[in-house]
$ cat my_file29.tsv   # TSV, C-alpha atoms
chain	number	residue	atom	x	y	z
A	1060	MET	CA	-2.04	30.68	-21.63
A	1061	ARG	CA	-4.33	29.63	-24.50
A	1062	ALA	CA	-7.10	27.14	-23.78
A	1063	ASP	CA	-5.41	24.32	-25.71
A	1064	ALA	CA	-2.09	24.94	-23.93
A	1065	ARG	CA	-3.94	24.88	-20.61
A	1066	ASP	CA	-5.60	21.58	-21.60
A	1067	ASN	CA	-2.24	20.09	-22.51
A	1068	ARG	CA	-0.69	21.20	-19.25
A	1069	ARG	CA	-3.53	19.62	-17.27
A	1070	ARG	CA	-3.28	16.39	-19.29
A	1071	ILE	CA	0.49	16.22	-18.75
A	1072	LEU	CA	0.13	16.78	-15.01
A	1073	ASP	CA	-2.50	14.06	-14.77
A	1074	ALA	CA	-0.45	11.60	-16.83
A	1075	ALA	CA	2.66	12.41	-14.77
A	1076	ARG	CA	0.84	11.82	-11.49
A	1077	HIS	CA	-0.21	8.33	-12.60
A	1078	ALA	CA	3.18	7.52	-14.11
A	1079	PHE	CA	5.07	8.63	-10.97
A	1080	ALA	CA	2.71	6.60	-8.78
A	1081	ASP	CA	3.20	3.48	-10.91
A	1082	ARG	CA	6.85	3.67	-11.92
A	1083	GLY	CA	8.56	6.16	-9.62
A	1084	ARG	CA	9.75	9.68	-10.28
A	1085	ASP	CA	12.37	8.54	-12.84
A	1086	VAL	CA	9.83	7.20	-15.36
A	1087	PRO	CA	10.89	8.23	-18.91
A	1088	LEU	CA	9.33	11.55	-19.97
A	1089	ALA	CA	8.41	9.87	-23.28
A	1090	ALA	CA	6.11	7.50	-21.34
A	1091	ILE	CA	4.42	10.48	-19.70
A	1092	ALA	CA	4.03	12.24	-23.06
A	1093	ARG	CA	2.52	9.07	-24.57
A	1094	ARG	CA	0.09	8.72	-21.68
A	1095	ALA	CA	-0.93	12.38	-22.02
A	1096	GLY	CA	-1.35	12.05	-25.79
A	1097	VAL	CA	1.13	14.84	-26.56
A	1098	GLY	CA	4.64	14.99	-28.03
A	1099	THR	CA	7.75	14.97	-25.83
A	1100	ALA	CA	8.55	18.51	-27.04
A	1101	THR	CA	5.24	19.72	-25.58
A	1102	VAL	CA	6.18	18.23	-22.21
A	1103	TYR	CA	9.54	20.08	-22.32
A	1104	ARG	CA	7.84	23.32	-23.32
A	1105	HIS	CA	5.61	23.22	-20.24
A	1106	PHE	CA	8.17	21.66	-17.90
A	1107	PRO	CA	11.79	22.32	-18.90
A	1108	SER	CA	13.17	19.84	-16.33
A	1109	ARG	CA	12.00	16.73	-14.50
A	1110	ARG	CA	12.25	18.69	-11.28
A	1111	ASP	CA	9.78	21.26	-12.68
A	1112	LEU	CA	7.34	18.50	-13.55
A	1113	VAL	CA	7.62	16.69	-10.21
A	1114	THR	CA	7.30	20.00	-8.34
A	1115	ALA	CA	4.18	20.92	-10.34
A	1116	VAL	CA	2.55	17.52	-9.70
A	1117	VAL	CA	3.26	17.74	-5.99
A	1118	ALA	CA	2.06	21.37	-5.84
A	1119	HIS	CA	-1.17	20.34	-7.59
A	1120	GLN	CA	-1.80	17.58	-5.04
A	1121	MET	CA	-0.83	19.83	-2.15
A	1122	GLU	CA	-3.37	22.45	-3.30
A	1123	GLY	CA	-6.08	19.78	-3.39
A	1124	CYS	CA	-5.11	18.61	0.08
A	1125	LEU	CA	-5.18	22.17	1.47
A	1126	ARG	CA	-8.64	22.66	-0.06
A	1127	HIS	CA	-9.92	19.46	1.62
A	1128	LEU	CA	-8.43	20.58	4.95
A	1129	ALA	CA	-10.06	24.02	4.63
A	1130	ASP	CA	-13.43	22.35	3.88
A	1131	GLY	CA	-13.01	20.08	6.91
A	1132	LEU	CA	-12.14	23.01	9.18
A	1133	ALA	CA	-15.16	24.96	7.89
A	1134	ASP	CA	-17.52	22.17	9.03
A	1135	PRO	CA	-19.27	23.27	12.26
A	1136	ASP	CA	-19.30	19.57	13.31
A	1137	ALA	CA	-15.57	18.96	13.96
A	1138	TRP	CA	-15.86	15.18	14.08
A	1139	ARG	CA	-17.70	15.12	10.74
A	1140	GLY	CA	-15.09	17.51	9.31
A	1141	PHE	CA	-12.30	15.16	10.42
A	1142	ARG	CA	-14.10	12.10	8.97
A	1143	THR	CA	-14.69	13.83	5.65
A	1144	VAL	CA	-11.04	14.81	5.29
A	1145	ILE	CA	-9.82	11.29	6.11
A	1146	GLY	CA	-12.37	9.77	3.71
A	1147	THR	CA	-11.53	12.14	0.86
A	1148	LEU	CA	-7.74	11.84	1.20
A	1149	SER	CA	-7.99	8.05	1.51
A	1150	ALA	CA	-10.11	7.74	-1.63
A	1151	GLU	CA	-7.63	9.92	-3.52
A	1152	HIS	CA	-4.69	7.85	-2.29
A	1153	ALA	CA	-6.49	4.65	-3.35
A	1154	THR	CA	-6.61	6.05	-6.89
A	1155	GLY	CA	-2.94	7.02	-7.08
A	1156	HIS	CA	-2.78	10.56	-5.68
A	1157	GLY	CA	-0.02	9.81	-3.18
A	1158	VAL	CA	3.33	11.55	-3.11
A	1159	THR	CA	6.33	9.27	-2.68
A	1160	ALA	CA	9.47	10.05	-0.66
A	1161	ASP	CA	11.61	10.55	-3.75
A	1162	MET	CA	9.10	13.07	-5.13
A	1163	VAL	CA	9.08	15.02	-1.86
A	1164	GLU	CA	12.89	15.01	-1.98
A	1165	LEU	CA	12.89	16.84	-5.34
A	1166	CYS	CA	10.60	19.54	-3.87
A	1167	GLU	CA	12.49	20.20	-0.65
A	1168	ALA	CA	14.30	23.23	-2.09
A	1169	ASP	CA	11.07	24.88	-3.33
A	1170	PRO	CA	10.01	27.61	-0.84
A	1171	GLU	CA	6.36	27.37	-1.93
A	1172	PHE	CA	6.32	23.63	-1.25
A	1173	ASP	CA	7.73	24.28	2.20
A	1174	ARG	CA	5.12	26.96	2.90
A	1175	HIS	CA	2.27	24.69	1.72
A	1176	ARG	CA	3.56	21.75	3.71
A	1177	LYS	CA	3.76	23.80	6.91
A	1178	ARG	CA	0.25	25.11	6.33
A	1179	ALA	CA	-1.09	21.56	5.74
A	1180	GLU	CA	0.60	20.37	8.96
A	1181	ARG	CA	-0.90	23.28	10.88
A	1182	ASP	CA	-4.40	22.76	9.43
A	1183	PHE	CA	-4.29	19.05	10.07
A	1184	ALA	CA	-3.13	19.56	13.68
A	1185	GLU	CA	-6.03	21.98	14.20
A	1186	LEU	CA	-8.52	19.52	12.68
A	1187	VAL	CA	-7.25	16.80	15.04
A	1188	ARG	CA	-7.32	19.15	18.04
A	1189	ARG	CA	-10.98	20.05	17.36
A	1190	ALA	CA	-11.98	16.43	16.68
A	1191	LYS	CA	-10.41	15.34	19.96
A	1192	ALA	CA	-12.21	18.20	21.78
A	1193	THR	CA	-15.56	16.70	20.69
A	1194	GLY	CA	-14.59	13.54	22.57
A	1195	ARG	CA	-15.14	11.43	19.44
A	1196	LEU	CA	-11.53	11.01	18.24
A	1197	ARG	CA	-9.33	8.77	20.39
A	1198	ALA	CA	-6.86	10.74	22.50
A	1199	ASP	CA	-3.75	8.88	21.27
A	1200	PHE	CA	-4.30	9.66	17.56
A	1201	THR	CA	-1.02	11.05	16.16
A	1202	ARG	CA	0.42	12.62	13.02
A	1203	ASP	CA	2.05	9.24	12.27
A	1204	ASP	CA	-1.44	7.71	12.25
A	1205	LEU	CA	-2.43	9.99	9.37
A	1206	THR	CA	0.61	8.89	7.38
A	1207	LEU	CA	-0.28	5.28	8.21
A	1208	LEU	CA	-3.87	5.77	6.99
A	1209	LEU	CA	-2.74	7.34	3.72
A	1210	MET	CA	-0.03	4.69	3.15
A	1211	THR	CA	-2.56	1.92	3.64
A	1212	SER	CA	-4.97	3.46	1.14
A	1213	SER	CA	-2.17	3.86	-1.38
A	1214	GLY	CA	-1.63	0.07	-1.14
A	1215	ILE	CA	-5.08	-0.57	-2.65
A	1216	THR	CA	-5.32	-1.63	-6.26
A	1217	ALA	CA	-8.47	-2.72	-8.07
A	1218	ALA	CA	-9.81	-3.38	-11.54
A	1219	SER	CA	-11.39	0.10	-11.74
A	1220	PRO	CA	-11.14	3.46	-9.93
A	1221	GLU	CA	-14.70	2.83	-8.67
A	1222	ALA	CA	-13.71	-0.47	-7.03
A	1223	ALA	CA	-10.60	1.18	-5.52
A	1224	VAL	CA	-12.76	3.93	-4.02
A	1225	ALA	CA	-15.27	1.35	-2.70
A	1226	ALA	CA	-12.38	-0.55	-1.06
A	1227	SER	CA	-11.08	2.68	0.43
A	1228	ARG	CA	-14.57	3.43	1.84
A	1229	ARG	CA	-14.75	0.02	3.48
A	1230	LEU	CA	-11.22	0.44	4.89
A	1231	THR	CA	-11.86	3.99	6.13
A	1232	GLY	CA	-15.13	2.83	7.69
A	1233	MET	CA	-13.23	0.19	9.68
A	1234	LEU	CA	-10.48	2.58	10.72
A	1235	LEU	CA	-12.86	5.37	11.77
A	1236	GLN	CA	-14.70	2.90	14.03
A	1237	SER	CA	-11.46	2.30	15.92
A	1238	LEU	CA	-10.51	5.95	15.91
A	1239	GLN	CA	-13.64	6.80	17.85
A	1240	SER	CA	-13.21	3.98	20.34
A	1241	ASP	CA	-11.07	4.24	23.47
A	1242	ALA	CA	-10.22	0.54	23.55
A	1243	PRO	CA	-6.45	0.13	23.88
A	1244	LEU	CA	-4.36	-0.22	20.71
A	1245	PRO	CA	-0.71	-0.98	20.00
A	1246	PRO	CA	1.20	2.35	20.16
A	1247	PRO	CA	1.57	4.62	17.11
A	1248	ALA	CA	4.60	3.73	14.99
A	1249	PRO	CA	7.22	6.31	13.93
A	1250	LEU	CA	6.82	6.66	10.15
A	1251	GLY	CA	8.66	9.96	9.72
A	1252	PRO	CA	7.62	12.78	7.37
A	1253	TYR	CA	4.61	12.21	5.13
A	1254	HIS	CA	5.00	10.14	2.01
A	1255	VAL	CA	3.42	7.00	0.59
A	1256	ARG	CA	5.01	3.78	-0.58
A	1257	GLY	CA	6.03	3.92	-4.21
A	1258	GLY	CA	8.86	5.23	-6.33
A	1259	SER	CA	10.83	5.99	-3.19
A	1260	ASP	CA	11.19	2.29	-2.54
A	1261	VAL	CA	12.38	1.50	-6.03
A	1262	ARG	CA	16.08	0.95	-5.61
B	42	MET	CA	22.46	-30.07	-2.28
B	43	ARG	CA	25.63	-28.96	-0.45
B	44	ALA	CA	25.29	-26.59	2.49
B	45	ASP	CA	26.84	-23.65	0.60
B	46	ALA	CA	24.58	-24.23	-2.42
B	47	ARG	CA	21.59	-24.30	-0.07
B	48	ASP	CA	22.74	-21.02	1.51
B	49	ASN	CA	23.09	-19.43	-1.91
B	50	ARG	CA	19.65	-20.60	-2.95
B	51	ARG	CA	18.11	-19.16	0.20
B	52	ARG	CA	19.97	-15.86	-0.28
B	53	ILE	CA	18.84	-15.62	-3.92
B	54	LEU	CA	15.22	-16.30	-2.99
B	55	ASP	CA	15.33	-13.64	-0.28
B	56	ALA	CA	16.97	-11.06	-2.56
B	57	ALA	CA	14.47	-11.88	-5.33
B	58	ARG	CA	11.50	-11.45	-3.00
B	59	HIS	CA	12.67	-7.94	-2.05
B	60	ALA	CA	13.60	-7.01	-5.61
B	61	PHE	CA	10.24	-8.17	-7.02
B	62	ALA	CA	8.39	-6.27	-4.28
B	63	ASP	CA	10.35	-3.07	-5.01
B	64	ARG	CA	10.76	-3.15	-8.77
B	65	GLY	CA	8.30	-5.67	-10.18
B	66	ARG	CA	8.85	-9.14	-11.54
B	67	ASP	CA	10.93	-7.87	-14.49
B	68	VAL	CA	13.78	-6.50	-12.36
B	69	PRO	CA	17.15	-7.40	-13.99
B	70	LEU	CA	18.52	-10.72	-12.69
B	71	ALA	CA	21.90	-8.96	-12.26
B	72	ALA	CA	20.29	-6.69	-9.62
B	73	ILE	CA	19.00	-9.77	-7.77
B	74	ALA	CA	22.44	-11.43	-7.96
B	75	ARG	CA	24.09	-8.26	-6.61
B	76	ARG	CA	21.60	-8.03	-3.76
B	77	ALA	CA	22.19	-11.70	-2.92
B	78	GLY	CA	25.96	-11.27	-3.08
B	79	VAL	CA	26.41	-13.99	-5.74
B	80	GLY	CA	27.31	-14.00	-9.43
B	81	THR	CA	24.67	-13.98	-12.15
B	82	ALA	CA	25.83	-17.47	-13.23
B	83	THR	CA	24.95	-18.78	-9.76
B	84	VAL	CA	21.42	-17.39	-10.12
B	85	TYR	CA	21.04	-19.14	-13.50
B	86	ARG	CA	22.41	-22.42	-12.06
B	87	HIS	CA	19.71	-22.46	-9.39
B	88	PHE	CA	16.95	-20.91	-11.52
B	89	PRO	CA	17.39	-21.47	-15.27
B	90	SER	CA	14.57	-19.02	-16.15
B	91	ARG	CA	12.85	-16.00	-14.63
B	92	ARG	CA	9.69	-18.04	-14.41
B	93	ASP	CA	11.53	-20.63	-12.27
B	94	LEU	CA	12.70	-17.90	-9.92
B	95	VAL	CA	9.30	-16.19	-9.62
B	96	THR	CA	7.59	-19.57	-9.12
B	97	ALA	CA	10.10	-20.50	-6.37
B	98	VAL	CA	9.63	-17.15	-4.56
B	99	VAL	CA	5.85	-17.47	-4.70
B	100	ALA	CA	6.00	-21.14	-3.59
B	101	HIS	CA	8.20	-20.14	-0.63
B	102	GLN	CA	5.73	-17.46	0.46
B	103	MET	CA	2.77	-19.77	-0.11
B	104	GLU	CA	4.37	-22.42	2.13
B	105	GLY	CA	4.83	-19.81	4.87
B	106	CYS	CA	1.21	-18.73	4.49
B	107	LEU	CA	-0.06	-22.33	4.67
B	108	ARG	CA	2.02	-22.85	7.84
B	109	HIS	CA	0.48	-19.75	9.45
B	110	LEU	CA	-3.02	-20.91	8.48
B	111	ALA	CA	-2.36	-24.39	9.94
B	112	ASP	CA	-1.12	-22.78	13.19
B	113	GLY	CA	-4.23	-20.60	13.33
B	114	LEU	CA	-6.53	-23.56	12.73
B	115	ALA	CA	-4.74	-25.56	15.46
B	116	ASP	CA	-5.56	-22.88	18.06
B	117	PRO	CA	-8.46	-24.10	20.24
B	118	ASP	CA	-9.57	-20.45	20.55
B	119	ALA	CA	-10.82	-19.77	17.00
B	120	TRP	CA	-11.00	-15.99	17.41
B	121	ARG	CA	-7.40	-15.88	18.72
B	122	GLY	CA	-6.34	-18.15	15.84
B	123	PHE	CA	-7.94	-15.78	13.33
B	124	ARG	CA	-6.32	-12.72	14.97
B	125	THR	CA	-2.90	-14.37	14.98
B	126	VAL	CA	-3.10	-15.24	11.28
B	127	ILE	CA	-4.18	-11.70	10.31
B	128	GLY	CA	-1.44	-10.19	12.50
B	129	THR	CA	1.31	-12.44	11.13
B	130	LEU	CA	0.36	-12.07	7.47
B	131	SER	CA	-0.02	-8.28	7.87
B	132	ALA	CA	3.42	-7.94	9.48
B	133	GLU	CA	4.94	-9.99	6.67
B	134	HIS	CA	3.21	-7.89	4.02
B	135	ALA	CA	4.46	-4.70	5.73
B	136	THR	CA	8.01	-5.99	5.23
B	137	GLY	CA	7.65	-6.88	1.57
B	138	HIS	CA	6.32	-10.45	1.52
B	139	GLY	CA	3.40	-9.69	-0.79
B	140	VAL	CA	2.83	-11.37	-4.12
B	141	THR	CA	1.88	-9.03	-6.96
B	142	ALA	CA	-0.60	-9.80	-9.76
B	143	ASP	CA	2.14	-10.15	-12.38
B	144	MET	CA	3.95	-12.69	-10.18
B	145	VAL	CA	0.78	-14.73	-9.71
B	146	GLU	CA	0.29	-14.63	-13.49
B	147	LEU	CA	3.65	-16.36	-14.08
B	148	CYS	CA	2.66	-19.15	-11.67
B	149	GLU	CA	-0.82	-19.88	-13.05
B	150	ALA	CA	0.39	-22.82	-15.13
B	151	ASP	CA	2.17	-24.50	-12.20
B	152	PRO	CA	-0.05	-27.33	-10.84
B	153	GLU	CA	1.60	-27.14	-7.40
B	154	PHE	CA	0.84	-23.43	-7.15
B	155	ASP	CA	-2.77	-24.14	-8.01
B	156	ARG	CA	-2.98	-26.90	-5.38
B	157	HIS	CA	-1.42	-24.68	-2.71
B	158	ARG	CA	-3.66	-21.76	-3.57
B	159	LYS	CA	-6.80	-23.89	-3.33
B	160	ARG	CA	-5.62	-25.27	0.01
B	161	ALA	CA	-4.94	-21.75	1.33
B	162	GLU	CA	-8.41	-20.60	0.22
B	163	ARG	CA	-9.99	-23.62	1.93
B	164	ASP	CA	-8.02	-23.15	5.16
B	165	PHE	CA	-8.77	-19.44	5.23
B	166	ALA	CA	-12.50	-20.03	4.66
B	167	GLU	CA	-12.50	-22.53	7.53
B	168	LEU	CA	-10.66	-20.10	9.82
B	169	VAL	CA	-13.27	-17.43	9.03
B	170	ARG	CA	-16.15	-19.87	9.50
B	171	ARG	CA	-14.90	-20.84	12.96
B	172	ALA	CA	-14.14	-17.22	13.96
B	173	LYS	CA	-17.66	-16.20	12.96
B	174	ALA	CA	-19.10	-19.15	14.93
B	175	THR	CA	-17.53	-17.70	18.12
B	176	GLY	CA	-19.63	-14.58	17.55
B	177	ARG	CA	-16.50	-12.39	17.67
B	178	LEU	CA	-15.91	-11.85	13.93
B	179	ARG	CA	-18.44	-9.62	12.16
B	180	ALA	CA	-20.85	-11.58	9.99
B	181	ASP	CA	-20.17	-9.61	6.79
B	182	PHE	CA	-16.40	-10.29	6.71
B	183	THR	CA	-15.50	-11.56	3.22
B	184	ARG	CA	-12.60	-13.00	1.27
B	185	ASP	CA	-12.19	-9.56	-0.37
B	186	ASP	CA	-11.67	-8.09	3.11
B	187	LEU	CA	-8.62	-10.32	3.58
B	188	THR	CA	-7.15	-9.09	0.29
B	189	LEU	CA	-7.92	-5.53	1.40
B	190	LEU	CA	-6.15	-6.07	4.75
B	191	LEU	CA	-3.06	-7.51	3.06
B	192	MET	CA	-3.00	-4.78	0.38
B	193	THR	CA	-3.14	-2.09	3.03
B	194	SER	CA	-0.26	-3.62	4.97
B	195	SER	CA	1.81	-3.86	1.82
B	196	GLY	CA	1.38	-0.07	1.42
B	197	ILE	CA	3.40	0.53	4.62
B	198	THR	CA	6.97	1.69	4.30
B	199	ALA	CA	9.23	2.76	7.16
B	200	ALA	CA	12.86	3.49	7.96
B	201	SER	CA	13.38	-0.03	9.39
B	202	PRO	CA	11.65	-3.43	9.32
B	203	GLU	CA	10.97	-2.94	13.06
B	204	ALA	CA	9.10	0.34	12.43
B	205	ALA	CA	7.17	-1.27	9.55
B	206	VAL	CA	6.09	-4.13	11.85
B	207	ALA	CA	5.12	-1.64	14.60
B	208	ALA	CA	2.99	0.28	12.07
B	209	SER	CA	1.40	-2.98	10.91
B	210	ARG	CA	0.58	-3.86	14.57
B	211	ARG	CA	-1.10	-0.49	15.10
B	212	LEU	CA	-3.05	-0.88	11.84
B	213	THR	CA	-4.07	-4.47	12.56
B	214	GLY	CA	-5.12	-3.44	16.06
B	215	MET	CA	-7.46	-0.83	14.58
B	216	LEU	CA	-8.86	-3.18	11.96
B	217	LEU	CA	-9.45	-6.05	14.39
B	218	GLN	CA	-11.44	-3.72	16.63
B	219	SER	CA	-13.85	-3.07	13.76
B	220	LEU	CA	-13.88	-6.70	12.69
B	221	GLN	CA	-15.30	-7.69	16.07
B	222	SER	CA	-17.89	-4.91	16.11
B	223	ASP	CA	-21.29	-5.21	14.50
B	224	ALA	CA	-21.61	-1.50	13.77
B	225	PRO	CA	-22.55	-1.02	10.11
B	226	LEU	CA	-19.76	-0.51	7.57
B	227	PRO	CA	-19.65	0.36	3.87
B	228	PRO	CA	-20.03	-2.92	1.93
B	229	PRO	CA	-17.01	-5.09	1.01
B	230	ALA	CA	-15.43	-4.06	-2.29
B	231	PRO	CA	-14.73	-6.53	-5.11
B	232	LEU	CA	-10.94	-6.78	-5.33
B	233	GLY	CA	-10.72	-10.02	-7.30
B	234	PRO	CA	-8.17	-12.80	-6.75
B	235	TYR	CA	-5.49	-12.24	-4.11
B	236	HIS	CA	-2.51	-10.06	-4.93
B	237	VAL	CA	-0.95	-6.92	-3.50
B	238	ARG	CA	-0.15	-3.65	-5.17
B	239	GLY	CA	3.27	-3.65	-6.79
B	240	GLY	CA	4.93	-4.83	-9.97
B	241	SER	CA	1.49	-5.63	-11.41
B	242	ASP	CA	0.69	-1.96	-11.52
B	243	VAL	CA	3.90	-0.98	-13.25
B	244	ARG	CA	2.90	-0.29	-16.82
$ encode --input "my_file29.tsv" --output "structure tokens"
Amino acid sequence: MRADARDNRRRILDAARHAFADRGRDVPLAAIARRAGVGTATVYRHFPSRRDLVTAVVAHQMEGCLRHLADGLADPDAWRGFRTVIGTLSAEHATGHGVTADMVELCEADPEFDRHRKRAERDFAELVRRAKATGRLRADFTRDDLTLLLMTSSGITAASPEAAVAASRRLTGMLLQSLQSDAPLPPPAPLGPYHVRGGSDVR
Amino acid sequence: MRADARDNRRRILDAARHAFADRGRDVPLAAIARRAGVGTATVYRHFPSRRDLVTAVVAHQMEGCLRHLADGLADPDAWRGFRTVIGTLSAEHATGHGVTADMVELCEADPEFDRHRKRAERDFAELVRRAKATGRLRADFTRDDLTLLLMTSSGITAASPEAAVAASRRLTGMLLQSLQSDAPLPPPAPLGPYHVRGGSDVR
């Protein structure tokens, strides 16, 4: 791929991520093209169908998430590794990196998505197992708690990405305090497979 | 107003609240009518303009909020009063009671809205002042933290209202643990006037 084509592809993916987060997965492709500063034909050339575009956006985010998980697992201090992953994913979700249920739905048939998702689940479970073994992470932390944390960060909106990240830091700071306490909490709530609030809820 | 007209009005307000939360303040009135199980003409009879409908939905939520604040202030245990208000408002936001920036915008010119908002700000400041005086609420809790708490709850989505409320209880439990600790936290983030993520962010 030529450098300018690669640039366009990256710009389209970035514009699509924001547009999906704001308006759901059915946002007009023309709006995405406008946001990316390219023509609609260029969008179609890179992504012949909406499913291709959604799948590429989700794959891009999934790769980022897997990289963060690998970094966290590589940290010799397991509690610090866990904290870093939660902080990084929360900050990204506060700036519109979340994947909504209706986006996940469009990816279900993609074998690569399935492979990546299973690997993310496995890595996250291992990160949690190690963090609990240090005695710092509360014993009743569940997979649903991770979804809850990411959903809550995706609810943040602010005048600038910087303010959104600052709000996510404050929020994560509060949550991590509780996660390392053993004071009793209401039980984890069943939230089902990972997704954040957004397009999925647009009926 | 006759009993059936009152029922219709209540049903329209409830349908509008959900529709605004899901699709923004510009959702077609026909979709609201359908959700309420009434004809579009009935919506127009009760609310001649979109602004009337948005203003009525916001006023309804504001009245509920003022009632919760009054209940909290009436509690002789100020820390319990504070906790109850946060818990109730969070549960409501988890089930779609939030007001988005674009809804607030449509109400700015309404003198009653302005009066109610000022009263809510005053009551909330008093609730915080008393909770801090008990020594239970951390000294650096700010007005922006309340917006943050409500934004995070509005990010929750679940298969049922019951699961959403359970998730909000777990989240609030975590946050209240940190709010009564004096362990250092990242500083509060400027989030501006109260609103939750939603229609406002739909561009």
$ residues_around --input "my_file29.tsv" --residues "B:Asp93" --least-positions-apart "6" --cutoff "12 Å" --atoms "only C-alpha atoms" --output "number ranges by chain"
B: 54, 57, 66, 84-87, 99-100, 144, 147-148, 150-151
$ closest_residue --input "my_file29.tsv" --among "B:Val140, B:Ala119, B:Ala135, B:Val237" --to "B:His101" --atoms "all atoms listed in the file"
B:Val140
$ residues_near_point --input "my_file29.tsv" --point "(-3.1, -19.7, -3.4)" --cutoff "10 Å" --atoms "all atoms listed in the file" --output "list in words"
Val99, Ala100, Gln102, Met103, Glu104, Cys106, Leu107, Val145, Glu149, Glu153, Phe154, Asp155, Arg156, His157, Arg158, Lys159, Arg160, Ala161, Glu162, Arg163, Pro234, Tyr235 and His236 of chain B
$ interface_residues --input "my_file29.tsv" --of "chain B" --to "chain A" --cutoff "8 Å" --atoms "all atoms listed in the file" --output "MDAnalysis selection string"
chainID B and resid 63:64 189 192:200 204:205 207:208 210:212 214:216 218:220 226:233 237:238 242:244
$ write_last_selection --input "my_file29.tsv" --atoms "C-alpha atoms" --output "PDB file, in the frame of the given file"
ATOM      1  CA  ASP B  63      10.350  -3.070  -5.010  1.00  0.00           C
ATOM      2  CA  ARG B  64      10.760  -3.150  -8.770  1.00  0.00           C
ATOM      3  CA  LEU B 189      -7.920  -5.530   1.400  1.00  0.00           C
ATOM      4  CA  MET B 192      -3.000  -4.780   0.380  1.00  0.00           C
ATOM      5  CA  THR B 193      -3.140  -2.090   3.030  1.00  0.00           C
ATOM      6  CA  SER B 194      -0.260  -3.620   4.970  1.00  0.00           C
ATOM      7  CA  SER B 195       1.810  -3.860   1.820  1.00  0.00           C
ATOM      8  CA  GLY B 196       1.380  -0.070   1.420  1.00  0.00           C
ATOM      9  CA  ILE B 197       3.400   0.530   4.620  1.00  0.00           C
ATOM     10  CA  THR B 198       6.970   1.690   4.300  1.00  0.00           C
ATOM     11  CA  ALA B 199       9.230   2.760   7.160  1.00  0.00           C
ATOM     12  CA  ALA B 200      12.860   3.490   7.960  1.00  0.00           C
ATOM     13  CA  ALA B 204       9.100   0.340  12.430  1.00  0.00           C
ATOM     14  CA  ALA B 205       7.170  -1.270   9.550  1.00  0.00           C
ATOM     15  CA  ALA B 207       5.120  -1.640  14.600  1.00  0.00           C
ATOM     16  CA  ALA B 208       2.990   0.280  12.070  1.00  0.00           C
ATOM     17  CA  ARG B 210       0.580  -3.860  14.570  1.00  0.00           C
ATOM     18  CA  ARG B 211      -1.100  -0.490  15.100  1.00  0.00           C
ATOM     19  CA  LEU B 212      -3.050  -0.880  11.840  1.00  0.00           C
ATOM     20  CA  GLY B 214      -5.120  -3.440  16.060  1.00  0.00           C
ATOM     21  CA  MET B 215      -7.460  -0.830  14.580  1.00  0.00           C
ATOM     22  CA  LEU B 216      -8.860  -3.180  11.960  1.00  0.00           C
ATOM     23  CA  GLN B 218     -11.440  -3.720  16.630  1.00  0.00           C
ATOM     24  CA  SER B 219     -13.850  -3.070  13.760  1.00  0.00           C
ATOM     25  CA  LEU B 220     -13.880  -6.700  12.690  1.00  0.00           C
ATOM     26  CA  LEU B 226     -19.760  -0.510   7.570  1.00  0.00           C
ATOM     27  CA  PRO B 227     -19.650   0.360   3.870  1.00  0.00           C
ATOM     28  CA  PRO B 228     -20.030  -2.920   1.930  1.00  0.00           C
ATOM     29  CA  PRO B 229     -17.010  -5.090   1.010  1.00  0.00           C
ATOM     30  CA  ALA B 230     -15.430  -4.060  -2.290  1.00  0.00           C
ATOM     31  CA  PRO B 231     -14.730  -6.530  -5.110  1.00  0.00           C
ATOM     32  CA  LEU B 232     -10.940  -6.780  -5.330  1.00  0.00           C
ATOM     33  CA  GLY B 233     -10.720 -10.020  -7.300  1.00  0.00           C
ATOM     34  CA  VAL B 237      -0.950  -6.920  -3.500  1.00  0.00           C
ATOM     35  CA  ARG B 238      -0.150  -3.650  -5.170  1.00  0.00           C
ATOM     36  CA  ASP B 242       0.690  -1.960 -11.520  1.00  0.00           C
ATOM     37  CA  VAL B 243       3.900  -0.980 -13.250  1.00  0.00           C
ATOM     38  CA  ARG B 244       2.900  -0.290 -16.820  1.00  0.00           C
TER      39      ARG B 244
END
$ atom_distance --input "my_file29.tsv" --atom1 "atom CA of B:Gly137" --atom2 "atom CA of B:His59"
6.3 Å
$ residues_around --input "my_file29.tsv" --residues "B:Ala56" --least-positions-apart "3" --cutoff "7 Å" --atoms "all atoms listed in the file" --output "ChimeraX atom specification"
/B:52-53,59-60,73,76-77
$ residues_around --input "my_file29.tsv" --residues "A:Leu1132" --least-positions-apart "2" --cutoff "8 Å" --atoms "all atoms listed in the file" --output "number ranges by chain"
A: 1128-1130, 1134-1135, 1137, 1140-1141, 1182, 1185-1186
$ write_last_selection --input "my_file29.tsv" --atoms "C-alpha atoms" --output "PDB file, keeping the file's coordinate frame"
ATOM      1  CA  LEU A1128      -8.430  20.580   4.950  1.00  0.00           C
ATOM      2  CA  ALA A1129     -10.060  24.020   4.630  1.00  0.00           C
ATOM      3  CA  ASP A1130     -13.430  22.350   3.880  1.00  0.00           C
ATOM      4  CA  ASP A1134     -17.520  22.170   9.030  1.00  0.00           C
ATOM      5  CA  PRO A1135     -19.270  23.270  12.260  1.00  0.00           C
ATOM      6  CA  ALA A1137     -15.570  18.960  13.960  1.00  0.00           C
ATOM      7  CA  GLY A1140     -15.090  17.510   9.310  1.00  0.00           C
ATOM      8  CA  PHE A1141     -12.300  15.160  10.420  1.00  0.00           C
ATOM      9  CA  ASP A1182      -4.400  22.760   9.430  1.00  0.00           C
ATOM     10  CA  GLU A1185      -6.030  21.980  14.200  1.00  0.00           C
ATOM     11  CA  LEU A1186      -8.520  19.520  12.680  1.00  0.00           C
TER      12      LEU A1186
END
